[in-house]
$ cat final-v5.pdb   # PDB, C-alpha atoms, pLDDT in the B column
ATOM      1  CA  LYS A   1      -8.920   0.313  -2.965  1.00 68.00           C
ATOM      2  CA  GLN A   2      -6.124   1.487  -0.697  1.00 75.00           C
ATOM      3  CA  GLU A   3      -4.127   4.344  -2.151  1.00 87.00           C
ATOM      4  CA  VAL A   4      -1.224   6.101  -0.539  1.00 93.00           C
ATOM      5  CA  THR A   5       0.138   9.326  -1.998  1.00 95.00           C
ATOM      6  CA  GLN A   6       3.337  11.112  -1.083  1.00 96.00           C
ATOM      7  CA  ILE A   7       3.972  14.745  -1.858  1.00 93.00           C
ATOM      8  CA  PRO A   8       6.320  16.114  -3.014  1.00 92.00           C
ATOM      9  CA  ALA A   9       7.892  13.438  -5.212  1.00 94.00           C
ATOM     10  CA  ALA A  10      11.268  15.156  -4.897  1.00 96.00           C
ATOM     11  CA  LEU A  11      12.710  17.841  -2.678  1.00 96.00           C
ATOM     12  CA  SER A  12      16.080  19.586  -2.753  1.00 97.00           C
ATOM     13  CA  VAL A  13      17.055  21.873   0.112  1.00 96.00           C
ATOM     14  CA  PRO A  14      20.153  23.424   1.668  1.00 97.00           C
ATOM     15  CA  GLU A  15      21.528  22.042   4.879  1.00 97.00           C
ATOM     16  CA  GLY A  16      19.882  23.256   8.075  1.00 97.00           C
ATOM     17  CA  GLU A  17      16.331  23.622   6.808  1.00 96.00           C
ATOM     18  CA  ASN A  18      13.359  22.123   8.605  1.00 97.00           C
ATOM     19  CA  LEU A  19      11.363  19.868   6.299  1.00 95.00           C
ATOM     20  CA  VAL A  20       7.861  18.432   6.088  1.00 96.00           C
ATOM     21  CA  LEU A  21       7.118  15.355   4.009  1.00 97.00           C
ATOM     22  CA  ASN A  22       3.507  14.448   3.399  1.00 97.00           C
ATOM     23  CA  CYS A  23       1.684  11.141   3.147  1.00 97.00           C
ATOM     24  CA  SER A  24      -2.052  10.879   2.460  1.00 96.00           C
ATOM     25  CA  PHE A  25      -4.271   7.823   2.221  1.00 93.00           C
ATOM     26  CA  THR A  26      -7.743   7.246   0.851  1.00 87.00           C
ATOM     27  CA  ASP A  27      -9.137   4.731   3.312  1.00 78.00           C
ATOM     28  CA  SER A  28      -9.403   6.176   6.794  1.00 75.00           C
ATOM     29  CA  ALA A  29      -9.377   2.722   8.361  1.00 80.00           C
ATOM     30  CA  ILE A  30      -5.860   2.426   9.652  1.00 84.00           C
ATOM     31  CA  TYR A  31      -4.070   0.083  12.004  1.00 83.00           C
ATOM     32  CA  ASN A  32      -0.694   1.829  11.966  1.00 89.00           C
ATOM     33  CA  LEU A  33       1.565   3.851   9.724  1.00 93.00           C
ATOM     34  CA  GLN A  34       5.272   3.362   9.286  1.00 95.00           C
ATOM     35  CA  TRP A  35       7.874   5.758   7.863  1.00 97.00           C
ATOM     36  CA  PHE A  36      10.952   4.347   6.144  1.00 98.00           C
ATOM     37  CA  ARG A  37      14.134   5.621   4.657  1.00 98.00           C
ATOM     38  CA  GLN A  38      15.688   4.004   1.566  1.00 96.00           C
ATOM     39  CA  ASP A  39      19.197   4.759   0.362  1.00 96.00           C
ATOM     40  CA  PRO A  40      19.994   4.027  -3.311  1.00 93.00           C
ATOM     41  CA  GLY A  41      20.225   0.306  -3.976  1.00 91.00           C
ATOM     42  CA  LYS A  42      19.456  -0.572  -0.356  1.00 94.00           C
ATOM     43  CA  GLY A  43      16.589  -1.980   1.620  1.00 95.00           C
ATOM     44  CA  LEU A  44      14.139   0.026   3.713  1.00 96.00           C
ATOM     45  CA  THR A  45      15.132   1.244   7.159  1.00 97.00           C
ATOM     46  CA  SER A  46      12.281   1.744   9.582  1.00 96.00           C
ATOM     47  CA  LEU A  47      12.256   5.246  11.082  1.00 97.00           C
ATOM     48  CA  LEU A  48       9.022   5.600  13.015  1.00 97.00           C
ATOM     49  CA  LEU A  49       5.862   3.609  13.646  1.00 94.00           C
ATOM     50  CA  ILE A  50       2.637   5.345  14.658  1.00 94.00           C
ATOM     51  CA  GLN A  51      -0.217   3.251  15.964  1.00 90.00           C
ATOM     52  CA  SER A  52      -3.750   4.316  15.092  1.00 89.00           C
ATOM     53  CA  SER A  53      -4.312   5.318  18.718  1.00 90.00           C
ATOM     54  CA  GLN A  54      -1.353   7.713  18.650  1.00 92.00           C
ATOM     55  CA  ARG A  55      -1.061  11.255  17.330  1.00 93.00           C
ATOM     56  CA  GLU A  56       2.698  11.414  16.908  1.00 95.00           C
ATOM     57  CA  GLN A  57       6.040   9.745  17.435  1.00 96.00           C
ATOM     58  CA  THR A  58       9.474  11.271  17.817  1.00 96.00           C
ATOM     59  CA  SER A  59      12.981   9.952  17.299  1.00 96.00           C
ATOM     60  CA  GLY A  60      15.842  12.419  17.455  1.00 97.00           C
ATOM     61  CA  ARG A  61      15.348  15.046  14.754  1.00 97.00           C
ATOM     62  CA  LEU A  62      12.382  13.173  13.302  1.00 98.00           C
ATOM     63  CA  ASN A  63       8.765  13.657  14.251  1.00 98.00           C
ATOM     64  CA  ALA A  64       5.874  11.884  12.592  1.00 97.00           C
ATOM     65  CA  SER A  65       2.235  12.799  13.107  1.00 97.00           C
ATOM     66  CA  LEU A  66      -0.969  11.020  12.196  1.00 95.00           C
ATOM     67  CA  ASP A  67      -4.375  12.575  11.520  1.00 94.00           C
ATOM     68  CA  LYS A  68      -6.803   9.775  10.824  1.00 90.00           C
ATOM     69  CA  SER A  69      -9.792  12.035  10.195  1.00 90.00           C
ATOM     70  CA  SER A  70      -8.084  13.758   7.283  1.00 92.00           C
ATOM     71  CA  GLY A  71      -6.167  10.668   6.134  1.00 92.00           C
ATOM     72  CA  ARG A  72      -2.743  12.254   6.514  1.00 95.00           C
ATOM     73  CA  SER A  73       0.617  11.701   8.080  1.00 96.00           C
ATOM     74  CA  THR A  74       3.552  14.057   8.049  1.00 97.00           C
ATOM     75  CA  LEU A  75       7.226  13.445   8.679  1.00 97.00           C
ATOM     76  CA  TYR A  76       9.021  16.453  10.080  1.00 97.00           C
ATOM     77  CA  ILE A  77      12.818  16.572   9.801  1.00 97.00           C
ATOM     78  CA  ALA A  78      14.498  19.237  11.893  1.00 97.00           C
ATOM     79  CA  ALA A  79      17.805  20.860  10.972  1.00 97.00           C
ATOM     80  CA  SER A  80      18.353  18.727   7.879  1.00 97.00           C
ATOM     81  CA  GLN A  81      21.805  17.374   7.081  1.00 97.00           C
ATOM     82  CA  PRO A  82      23.396  15.997   3.884  1.00 97.00           C
ATOM     83  CA  GLY A  83      23.254  12.562   5.483  1.00 97.00           C
ATOM     84  CA  ASP A  84      19.461  12.796   5.451  1.00 98.00           C
ATOM     85  CA  SER A  85      19.524  12.546   1.657  1.00 98.00           C
ATOM     86  CA  ALA A  86      17.499   9.471   0.711  1.00 98.00           C
ATOM     87  CA  THR A  87      14.040   8.419  -0.424  1.00 97.00           C
ATOM     88  CA  TYR A  88      11.417   8.480   2.322  1.00 98.00           C
ATOM     89  CA  LEU A  89       8.501   6.081   2.097  1.00 97.00           C
ATOM     90  CA  CYS A  90       5.347   5.791   4.125  1.00 96.00           C
ATOM     91  CA  GLY A  91       3.544   2.507   4.525  1.00 94.00           C
ATOM     92  CA  LYS A  92       0.010   2.271   5.840  1.00 92.00           C
ATOM     93  CA  LYS A  93      -1.434  -0.829   7.404  1.00 87.00           C
ATOM     94  CA  GLY A  94      -5.172  -0.960   6.842  1.00 76.00           C
ATOM     95  CA  GLY A  95      -7.730  -1.770   9.462  1.00 63.00           C
ATOM     96  CA  LEU A  96      -7.653  -5.505  10.038  1.00 58.00           C
ATOM     97  CA  ASP A  97     -11.429  -5.692  10.089  1.00 50.00           C
ATOM     98  CA  ARG A  98     -11.725  -4.335   6.568  1.00 46.00           C
ATOM     99  CA  GLY A  99     -10.618  -7.537   4.891  1.00 46.00           C
ATOM    100  CA  SER A 100      -7.214  -6.173   4.035  1.00 48.00           C
ATOM    101  CA  THR A 101      -4.433  -8.676   3.792  1.00 54.00           C
ATOM    102  CA  LEU A 102      -3.326  -9.368   7.294  1.00 62.00           C
ATOM    103  CA  GLY A 103      -0.215  -7.346   8.026  1.00 67.00           C
ATOM    104  CA  ARG A 104       0.340  -5.908   4.571  1.00 79.00           C
ATOM    105  CA  LEU A 105       1.564  -2.376   4.102  1.00 88.00           C
ATOM    106  CA  TYR A 106       0.308  -0.096   1.351  1.00 90.00           C
ATOM    107  CA  PHE A 107       3.127   2.136   0.187  1.00 93.00           C
ATOM    108  CA  GLY A 108       3.388   5.515  -1.417  1.00 92.00           C
ATOM    109  CA  ARG A 109       5.978   6.054  -4.144  1.00 94.00           C
ATOM    110  CA  GLY A 110       8.188   8.053  -1.853  1.00 95.00           C
ATOM    111  CA  THR A 111       9.757  11.479  -1.601  1.00 97.00           C
ATOM    112  CA  GLN A 112      13.322  11.733  -2.868  1.00 96.00           C
ATOM    113  CA  LEU A 113      15.139  14.145  -0.584  1.00 97.00           C
ATOM    114  CA  THR A 114      18.449  15.842  -1.392  1.00 97.00           C
ATOM    115  CA  VAL A 115      20.119  18.000   1.247  1.00 97.00           C
ATOM    116  CA  TRP A 116      23.088  19.918  -0.083  1.00 96.00           C
ATOM    117  CA  PRO A 117      25.868  21.431   2.016  1.00 95.00           C
TER     118      PRO A 117
ATOM    119  CA  SER B   1      18.779  -8.692  18.162  1.00 83.00           C
ATOM    120  CA  GLN B   2      17.011  -9.693  14.988  1.00 86.00           C
ATOM    121  CA  THR B   3      18.603  -9.621  11.558  1.00 93.00           C
ATOM    122  CA  ILE B   4      17.325 -10.442   8.111  1.00 96.00           C
ATOM    123  CA  HIS B   5      19.453 -11.701   5.258  1.00 97.00           C
ATOM    124  CA  GLN B   6      18.818 -11.966   1.548  1.00 98.00           C
ATOM    125  CA  TRP B   7      20.861 -13.563  -1.173  1.00 96.00           C
ATOM    126  CA  PRO B   8      22.050 -13.188  -3.698  1.00 97.00           C
ATOM    127  CA  ALA B   9      22.514  -9.433  -3.584  1.00 97.00           C
ATOM    128  CA  THR B  10      22.425  -9.139  -7.355  1.00 97.00           C
ATOM    129  CA  LEU B  11      21.423 -11.531 -10.103  1.00 97.00           C
ATOM    130  CA  VAL B  12      21.400 -11.362 -13.889  1.00 97.00           C
ATOM    131  CA  GLN B  13      19.378 -14.067 -15.564  1.00 97.00           C
ATOM    132  CA  PRO B  14      18.223 -14.774 -19.128  1.00 98.00           C
ATOM    133  CA  VAL B  15      14.555 -14.892 -20.015  1.00 97.00           C
ATOM    134  CA  GLY B  16      13.113 -18.353 -19.458  1.00 97.00           C
ATOM    135  CA  SER B  17      15.599 -19.366 -16.779  1.00 97.00           C
ATOM    136  CA  PRO B  18      14.563 -20.415 -13.262  1.00 97.00           C
ATOM    137  CA  LEU B  19      14.828 -18.259 -10.165  1.00 97.00           C
ATOM    138  CA  SER B  20      15.418 -18.854  -6.499  1.00 98.00           C
ATOM    139  CA  LEU B  21      15.831 -16.017  -4.016  1.00 98.00           C
ATOM    140  CA  GLU B  22      16.323 -16.749  -0.354  1.00 98.00           C
ATOM    141  CA  CYS B  23      15.498 -14.813   2.779  1.00 98.00           C
ATOM    142  CA  THR B  24      16.336 -15.824   6.331  1.00 98.00           C
ATOM    143  CA  VAL B  25      15.598 -14.161   9.644  1.00 97.00           C
ATOM    144  CA  GLU B  26      17.628 -14.582  12.809  1.00 95.00           C
ATOM    145  CA  GLY B  27      16.824 -13.842  16.400  1.00 93.00           C
ATOM    146  CA  THR B  28      13.076 -14.394  16.391  1.00 91.00           C
ATOM    147  CA  SER B  29      10.578 -17.235  16.165  1.00 90.00           C
ATOM    148  CA  ASN B  30       7.455 -17.653  14.059  1.00 91.00           C
ATOM    149  CA  PRO B  31       7.754 -14.327  12.290  1.00 92.00           C
ATOM    150  CA  ASN B  32       5.357 -13.096   9.638  1.00 92.00           C
ATOM    151  CA  LEU B  33       7.328 -12.983   6.369  1.00 94.00           C
ATOM    152  CA  TYR B  34       6.732 -10.918   3.251  1.00 94.00           C
ATOM    153  CA  TRP B  35       8.091 -10.650  -0.297  1.00 95.00           C
ATOM    154  CA  TYR B  36       7.813  -7.258  -1.997  1.00 95.00           C
ATOM    155  CA  ARG B  37       8.972  -6.107  -5.401  1.00 95.00           C
ATOM    156  CA  GLN B  38      10.068  -2.587  -6.247  1.00 94.00           C
ATOM    157  CA  ALA B  39      10.129  -1.927  -9.979  1.00 88.00           C
ATOM    158  CA  ALA B  40      11.541   1.190 -11.617  1.00 80.00           C
ATOM    159  CA  GLY B  41       8.976   3.981 -11.573  1.00 75.00           C
ATOM    160  CA  ARG B  42       6.559   1.992  -9.453  1.00 79.00           C
ATOM    161  CA  GLY B  43       5.906   1.665  -5.763  1.00 84.00           C
ATOM    162  CA  LEU B  44       6.485  -1.333  -3.576  1.00 91.00           C
ATOM    163  CA  GLN B  45       4.229  -4.241  -4.482  1.00 90.00           C
ATOM    164  CA  LEU B  46       3.437  -7.054  -2.059  1.00 90.00           C
ATOM    165  CA  LEU B  47       3.893 -10.423  -3.755  1.00 93.00           C
ATOM    166  CA  PHE B  48       3.533 -13.033  -1.000  1.00 93.00           C
ATOM    167  CA  TYR B  49       3.192 -13.246   2.739  1.00 90.00           C
ATOM    168  CA  SER B  50       3.382 -16.079   5.231  1.00 92.00           C
ATOM    169  CA  VAL B  51       2.225 -16.415   8.821  1.00 89.00           C
ATOM    170  CA  GLY B  52       3.782 -19.841   9.378  1.00 90.00           C
ATOM    171  CA  ILE B  53       5.609 -22.817   7.883  1.00 93.00           C
ATOM    172  CA  GLY B  54       3.925 -23.958   4.711  1.00 89.00           C
ATOM    173  CA  GLN B  55       1.376 -21.134   4.865  1.00 90.00           C
ATOM    174  CA  ILE B  56       1.682 -18.878   1.847  1.00 91.00           C
ATOM    175  CA  SER B  57      -0.748 -16.267   0.603  1.00 87.00           C
ATOM    176  CA  SER B  58      -0.332 -14.714  -2.817  1.00 86.00           C
ATOM    177  CA  GLU B  59      -1.194 -11.166  -3.709  1.00 82.00           C
ATOM    178  CA  VAL B  60       0.010 -11.157  -7.297  1.00 78.00           C
ATOM    179  CA  PRO B  61       0.333 -14.710  -8.670  1.00 65.00           C
ATOM    180  CA  GLN B  62       2.011 -13.975 -11.994  1.00 78.00           C
ATOM    181  CA  ASN B  63       4.701 -16.570 -12.690  1.00 90.00           C
ATOM    182  CA  LEU B  64       6.258 -16.390  -9.255  1.00 95.00           C
ATOM    183  CA  SER B  65       5.794 -18.672  -6.276  1.00 95.00           C
ATOM    184  CA  ALA B  66       6.946 -18.668  -2.672  1.00 96.00           C
ATOM    185  CA  SER B  67       7.686 -21.320  -0.118  1.00 96.00           C
ATOM    186  CA  ARG B  68       8.486 -21.419   3.572  1.00 96.00           C
ATOM    187  CA  PRO B  69      10.261 -24.694   4.282  1.00 95.00           C
ATOM    188  CA  GLN B  70      11.475 -23.600   7.716  1.00 95.00           C
ATOM    189  CA  ASP B  71      10.228 -21.176  10.333  1.00 95.00           C
ATOM    190  CA  ARG B  72      12.673 -18.430   9.446  1.00 96.00           C
ATOM    191  CA  GLN B  73      13.293 -19.143   5.773  1.00 97.00           C
ATOM    192  CA  PHE B  74      11.295 -17.696   2.908  1.00 97.00           C
ATOM    193  CA  ILE B  75      12.037 -18.523  -0.727  1.00 97.00           C
ATOM    194  CA  LEU B  76      10.834 -16.804  -3.881  1.00 97.00           C
ATOM    195  CA  SER B  77      10.918 -18.891  -7.047  1.00 97.00           C
ATOM    196  CA  SER B  78      10.058 -18.946 -10.683  1.00 96.00           C
ATOM    197  CA  LYS B  79      10.248 -21.725 -13.255  1.00 96.00           C
ATOM    198  CA  LYS B  80      10.649 -19.344 -16.215  1.00 96.00           C
ATOM    199  CA  LEU B  81      11.601 -15.714 -15.825  1.00 96.00           C
ATOM    200  CA  LEU B  82      10.050 -12.939 -17.884  1.00 95.00           C
ATOM    201  CA  LEU B  83      11.549  -9.567 -18.740  1.00 94.00           C
ATOM    202  CA  SER B  84       8.889  -7.983 -16.527  1.00 92.00           C
ATOM    203  CA  ASP B  85      10.262  -9.856 -13.515  1.00 94.00           C
ATOM    204  CA  SER B  86      13.211  -7.474 -13.352  1.00 94.00           C
ATOM    205  CA  GLY B  87      13.234  -5.382 -10.225  1.00 95.00           C
ATOM    206  CA  PHE B  88      14.406  -5.041  -6.662  1.00 96.00           C
ATOM    207  CA  TYR B  89      13.072  -7.818  -4.430  1.00 97.00           C
ATOM    208  CA  LEU B  90      12.709  -7.132  -0.755  1.00 97.00           C
ATOM    209  CA  CYS B  91      11.981  -9.545   2.039  1.00 97.00           C
ATOM    210  CA  ALA B  92      10.480  -8.273   5.269  1.00 96.00           C
ATOM    211  CA  TRP B  93       9.432  -9.669   8.630  1.00 94.00           C
ATOM    212  CA  SER B  94       7.284  -8.654  11.544  1.00 91.00           C
ATOM    213  CA  ALA B  95       6.701 -10.245  14.927  1.00 87.00           C
ATOM    214  CA  THR B  96       2.948 -10.308  14.361  1.00 74.00           C
ATOM    215  CA  SER B  97       0.614  -8.924  11.742  1.00 66.00           C
ATOM    216  CA  GLY B  98       0.125  -5.683  13.595  1.00 67.00           C
ATOM    217  CA  THR B  99       3.657  -4.729  14.439  1.00 82.00           C
ATOM    218  CA  GLU B 100       6.557  -2.951  12.828  1.00 90.00           C
ATOM    219  CA  GLN B 101       7.972  -4.438   9.638  1.00 93.00           C
ATOM    220  CA  PHE B 102      11.687  -4.751   9.058  1.00 95.00           C
ATOM    221  CA  PHE B 103      13.228  -5.135   5.645  1.00 96.00           C
ATOM    222  CA  GLY B 104      16.217  -7.001   4.321  1.00 97.00           C
ATOM    223  CA  PRO B 105      18.930  -5.538   2.084  1.00 97.00           C
ATOM    224  CA  GLY B 106      17.203  -6.668  -1.118  1.00 97.00           C
ATOM    225  CA  THR B 107      18.118  -8.550  -4.291  1.00 97.00           C
ATOM    226  CA  ARG B 108      18.534  -6.712  -7.568  1.00 97.00           C
ATOM    227  CA  LEU B 109      17.260  -8.977 -10.372  1.00 97.00           C
ATOM    228  CA  THR B 110      17.882  -8.155 -14.011  1.00 96.00           C
ATOM    229  CA  VAL B 111      16.274 -10.370 -16.626  1.00 96.00           C
ATOM    230  CA  LEU B 112      17.831 -10.062 -20.084  1.00 96.00           C
TER     231      LEU B 112
END
$ encode --input "final-v5.pdb" --output "structure tokens"
Amino acid sequence: KQEVTQIPAALSVPEGENLVLNCSFTDSAIYNLQWFRQDPGKGLTSLLLIQSSQREQTSGRLNASLDKSSGRSTLYIAASQPGDSATYLCGKKGGLDRGSTLGRLYFGRGTQLTVWP
Amino acid sequence: SQTIHQWPATLVQPVGSPLSLECTVEGTSNPNLYWYRQAAGRGLQLLFYSVGIGQISSEVPQNLSASRPQDRQFILSSKKLLLSDSGFYLCAWSATSGTEQFFGPGTRLTVL
């Protein structure tokens, strides 16, 4: 069974701090991992996609890493801003040769981030 | 560029009534399409996915069904809603099964 866990469930920090959000998964077979941001009452916005052959991806102040051997991904947010406040979700796509539903993502429950001025 | 639309944005329905939620994608052809549900206190749950017209695979049958009458249209339906069907319904697409998924704005369904 594919399980994805995100720690912490909630995080509240002052503006300017560097943050690390964690995502761990039980099945090491992985095709790719995607990080999303969700604002209240809105859909998911894709932030970063890491293929299984990659170690990390960067976009602006965001950096996501993938360690397949330990079953972990981290999302690093540099110099956090109040506009970063949202729920961050990771979605793991299992190895396609493991019988997992083609293309499906297994999601964690998210980390609710609040950045205060 | 590609865009994904969902409607309605919000819906309040009585128990036992029918349901039809629509999702359309623009700017791409033959996308993979997905329906997810996000219930309060629970993670995102995949309900249905489709790799082509008329091809629907169900993850959680329940009392919901999905159809894909056109290449870029995906419909979620129910004949009789239950209280447990309340939630936030999200449609997503990807170019192929192995690529990035993009989500629509969602439909908030409340069953009373």
$ atom_distance --input "final-v5.pdb" --atom1 "CA of Glu56 in chain A" --atom2 "CA of Cys23 in chain A"
13.8 Å
$ closest_atom_pairs --input "final-v5.pdb" --of "chain B" --to "chain A" --cutoff "9 Å" --atoms "all atoms listed in the file" --output "CSV"
residue,atom,partner,partner_atom,distance
B:Asn32,CA,A:Gly103,CA,8.2
B:Tyr34,CA,A:Arg104,CA,8.2
B:Gly41,CA,A:Arg109,CA,8.3
B:Arg42,CA,A:Arg109,CA,6.7
B:Gly43,CA,A:Arg109,CA,4.7
B:Leu44,CA,A:Phe107,CA,6.1
B:Gln45,CA,A:Phe107,CA,8.0
B:Leu46,CA,A:Arg104,CA,7.4
B:Tyr49,CA,A:Arg104,CA,8.1
B:Glu59,CA,A:Thr101,CA,8.5
B:Phe88,CA,A:Gly41,CA,8.3
B:Leu90,CA,A:Gly43,CA,6.9
B:Cys91,CA,A:Gly43,CA,8.9
B:Ser94,CA,A:Gly103,CA,8.4
B:Thr96,CA,A:Gly103,CA,7.7
B:Ser97,CA,A:Gly103,CA,4.1
B:Gly98,CA,A:Gly103,CA,5.8
B:Thr99,CA,A:Gly103,CA,7.9
B:Glu100,CA,A:Leu49,CA,6.6
B:Gln101,CA,A:Ser46,CA,7.5
B:Phe102,CA,A:Ser46,CA,6.5
B:Phe103,CA,A:Leu44,CA,5.6
B:Gly104,CA,A:Gly43,CA,5.7
B:Pro105,CA,A:Gly43,CA,4.3
B:Gly106,CA,A:Gly43,CA,5.5
B:Thr107,CA,A:Gly43,CA,9.0
B:Arg108,CA,A:Gly41,CA,8.1
$ axis_aligned_box --input "final-v5.pdb" --around "range 82-88 of chain B" --padding-each-side "5 Å" --output "AutoDock Vina command-line options"
--center_x 11.6 --center_y -9.0 --center_z -12.7 --size_x 15.5 --size_y 17.9 --size_z 22.1
$ closest_residue --input "final-v5.pdb" --among "B:Leu21, B:Tyr89, B:Ser29, B:Thr110" --to "Gln70 in chain B" --atoms "all atoms listed in the file"
B:Ser29
$ resolve_selection --input "final-v5.pdb" --expression "the PyMOL selection byres ((chain B and resi 13) around 12)" --output "list in words"
Thr10, Leu11, Val12, Pro14, Val15, Gly16, Ser17, Pro18, Leu19, Ser20, Ser78, Lys80, Leu81, Leu82, Leu83, Asp85, Ser86, Gly87, Arg108, Leu109, Thr110, Val111 and Leu112 of chain B
$ resolve_selection --input "final-v5.pdb" --expression "the PyMOL selection byres ((chain B and resi 64) around 8)" --output "PyMOL selection string"
chain B and resi 61-63+65-66+76-79
$ resolve_selection --input "final-v5.pdb" --expression "the PyMOL selection byres ((chain B and resi 72) around 6)" --output "number ranges by chain"
B: 24-25, 70-71, 73
$ closest_residue --input "final-v5.pdb" --among "A:Asp67, A:Trp116, A:Thr74, A:Gln38" --to "Ser12 in chain A" --atoms "only C-alpha atoms"
A:Trp116
$ residues_around --input "final-v5.pdb" --residues "Leu21 in chain A" --least-positions-apart "4" --cutoff "8 Å" --atoms "all atoms listed in the file" --output "list of chain:residue names"
A:Gln6, A:Ile7, A:Pro8, A:Thr74, A:Leu75, A:Tyr76, A:Thr111
$ atom_distance --input "final-v5.pdb" --atom1 "CA of Gly54 in chain B" --atom2 "CA of Pro69 in chain B"
6.4 Å
$ atom_distance --input "final-v5.pdb" --atom1 "CA of Leu47 in chain A" --atom2 "CA of Ser65 in chain A"
12.7 Å
$ closest_residue --input "final-v5.pdb" --among "A:Leu19, A:Ala64, A:Ala29, A:Val115" --to "Ile77 in chain A" --atoms "all atoms listed in the file"
A:Leu19
$ closest_residue --input "final-v5.pdb" --among "B:Ile53, B:Ala39, B:Ala95, B:Ala9" --to "Phe74 in chain B" --atoms "only C-alpha atoms"
B:Ile53
$ build_atoms --input "final-v5.pdb" --residues "range 43-63 of chain A" --atoms "N, CA and C atoms" --output "mmCIF file, in the frame of the given file"
data_model
loop_
_atom_site.group_PDB
_atom_site.id
_atom_site.type_symbol
_atom_site.label_atom_id
_atom_site.label_comp_id
_atom_site.auth_asym_id
_atom_site.auth_seq_id
_atom_site.Cartn_x
_atom_site.Cartn_y
_atom_site.Cartn_z
ATOM 1 N N GLY A 43 17.902 -1.667 1.100
ATOM 2 C CA GLY A 43 16.589 -1.980 1.620
ATOM 3 C C GLY A 43 15.997 -0.801 2.382
ATOM 4 N N LEU A 44 14.830 -1.024 2.961
ATOM 5 C CA LEU A 44 14.139 0.026 3.713
ATOM 6 C C LEU A 44 14.559 -0.032 5.176
ATOM 7 N N THR A 45 14.821 1.131 5.730
ATOM 8 C CA THR A 45 15.132 1.244 7.159
ATOM 9 C C THR A 45 13.949 1.892 7.855
ATOM 10 N N SER A 46 13.421 1.214 8.853
ATOM 11 C CA SER A 46 12.281 1.744 9.582
ATOM 12 C C SER A 46 12.708 2.939 10.426
ATOM 13 N N LEU A 47 11.957 4.028 10.323
ATOM 14 C CA LEU A 47 12.256 5.246 11.082
ATOM 15 C C LEU A 47 11.313 5.403 12.267
ATOM 16 N N LEU A 48 10.019 5.368 11.981
ATOM 17 C CA LEU A 48 9.022 5.600 13.015
ATOM 18 C C LEU A 48 7.772 4.784 12.704
ATOM 19 N N LEU A 49 7.126 4.317 13.758
ATOM 20 C CA LEU A 49 5.862 3.609 13.646
ATOM 21 C C LEU A 49 4.845 4.333 14.499
ATOM 22 N N ILE A 50 3.703 4.697 13.902
ATOM 23 C CA ILE A 50 2.637 5.345 14.658
ATOM 24 C C ILE A 50 1.431 4.423 14.672
ATOM 25 N N GLN A 51 0.988 4.059 15.849
ATOM 26 C CA GLN A 51 -0.217 3.251 15.964
ATOM 27 C C GLN A 51 -1.434 4.142 15.753
ATOM 28 N N SER A 52 -2.549 3.538 15.394
ATOM 29 C CA SER A 52 -3.750 4.316 15.092
ATOM 30 C C SER A 52 -4.243 5.099 16.302
ATOM 31 N N SER A 53 -3.882 4.641 17.493
ATOM 32 C CA SER A 53 -4.312 5.318 18.718
ATOM 33 C C SER A 53 -3.405 6.496 19.088
ATOM 34 N N GLN A 54 -2.320 6.668 18.344
ATOM 35 C CA GLN A 54 -1.353 7.713 18.650
ATOM 36 C C GLN A 54 -1.502 8.898 17.702
ATOM 37 N N ARG A 55 -1.041 10.065 18.168
ATOM 38 C CA ARG A 55 -1.061 11.255 17.330
ATOM 39 C C ARG A 55 0.301 11.534 16.708
ATOM 40 N N GLU A 56 1.376 11.175 17.447
ATOM 41 C CA GLU A 56 2.698 11.414 16.908
ATOM 42 C C GLU A 56 3.736 10.546 17.592
ATOM 43 N N GLN A 57 4.884 10.466 16.905
ATOM 44 C CA GLN A 57 6.040 9.745 17.435
ATOM 45 C C GLN A 57 7.280 10.556 17.099
ATOM 46 N N THR A 58 8.246 10.491 18.009
ATOM 47 C CA THR A 58 9.474 11.271 17.817
ATOM 48 C C THR A 58 10.690 10.376 18.006
ATOM 49 N N SER A 59 11.698 10.626 17.149
ATOM 50 C CA SER A 59 12.981 9.952 17.299
ATOM 51 C C SER A 59 14.057 10.928 16.837
ATOM 52 N N GLY A 60 14.793 11.467 17.800
ATOM 53 C CA GLY A 60 15.842 12.419 17.455
ATOM 54 C C GLY A 60 15.295 13.638 16.738
ATOM 55 N N ARG A 61 15.806 13.891 15.537
ATOM 56 C CA ARG A 61 15.348 15.046 14.754
ATOM 57 C C ARG A 61 14.090 14.760 13.941
ATOM 58 N N LEU A 62 13.557 13.576 14.066
ATOM 59 C CA LEU A 62 12.382 13.173 13.302
ATOM 60 C C LEU A 62 11.133 13.180 14.169
ATOM 61 N N ASN A 63 10.061 13.681 13.580
ATOM 62 C CA ASN A 63 8.765 13.657 14.251
ATOM 63 C C ASN A 63 7.714 13.298 13.217
#
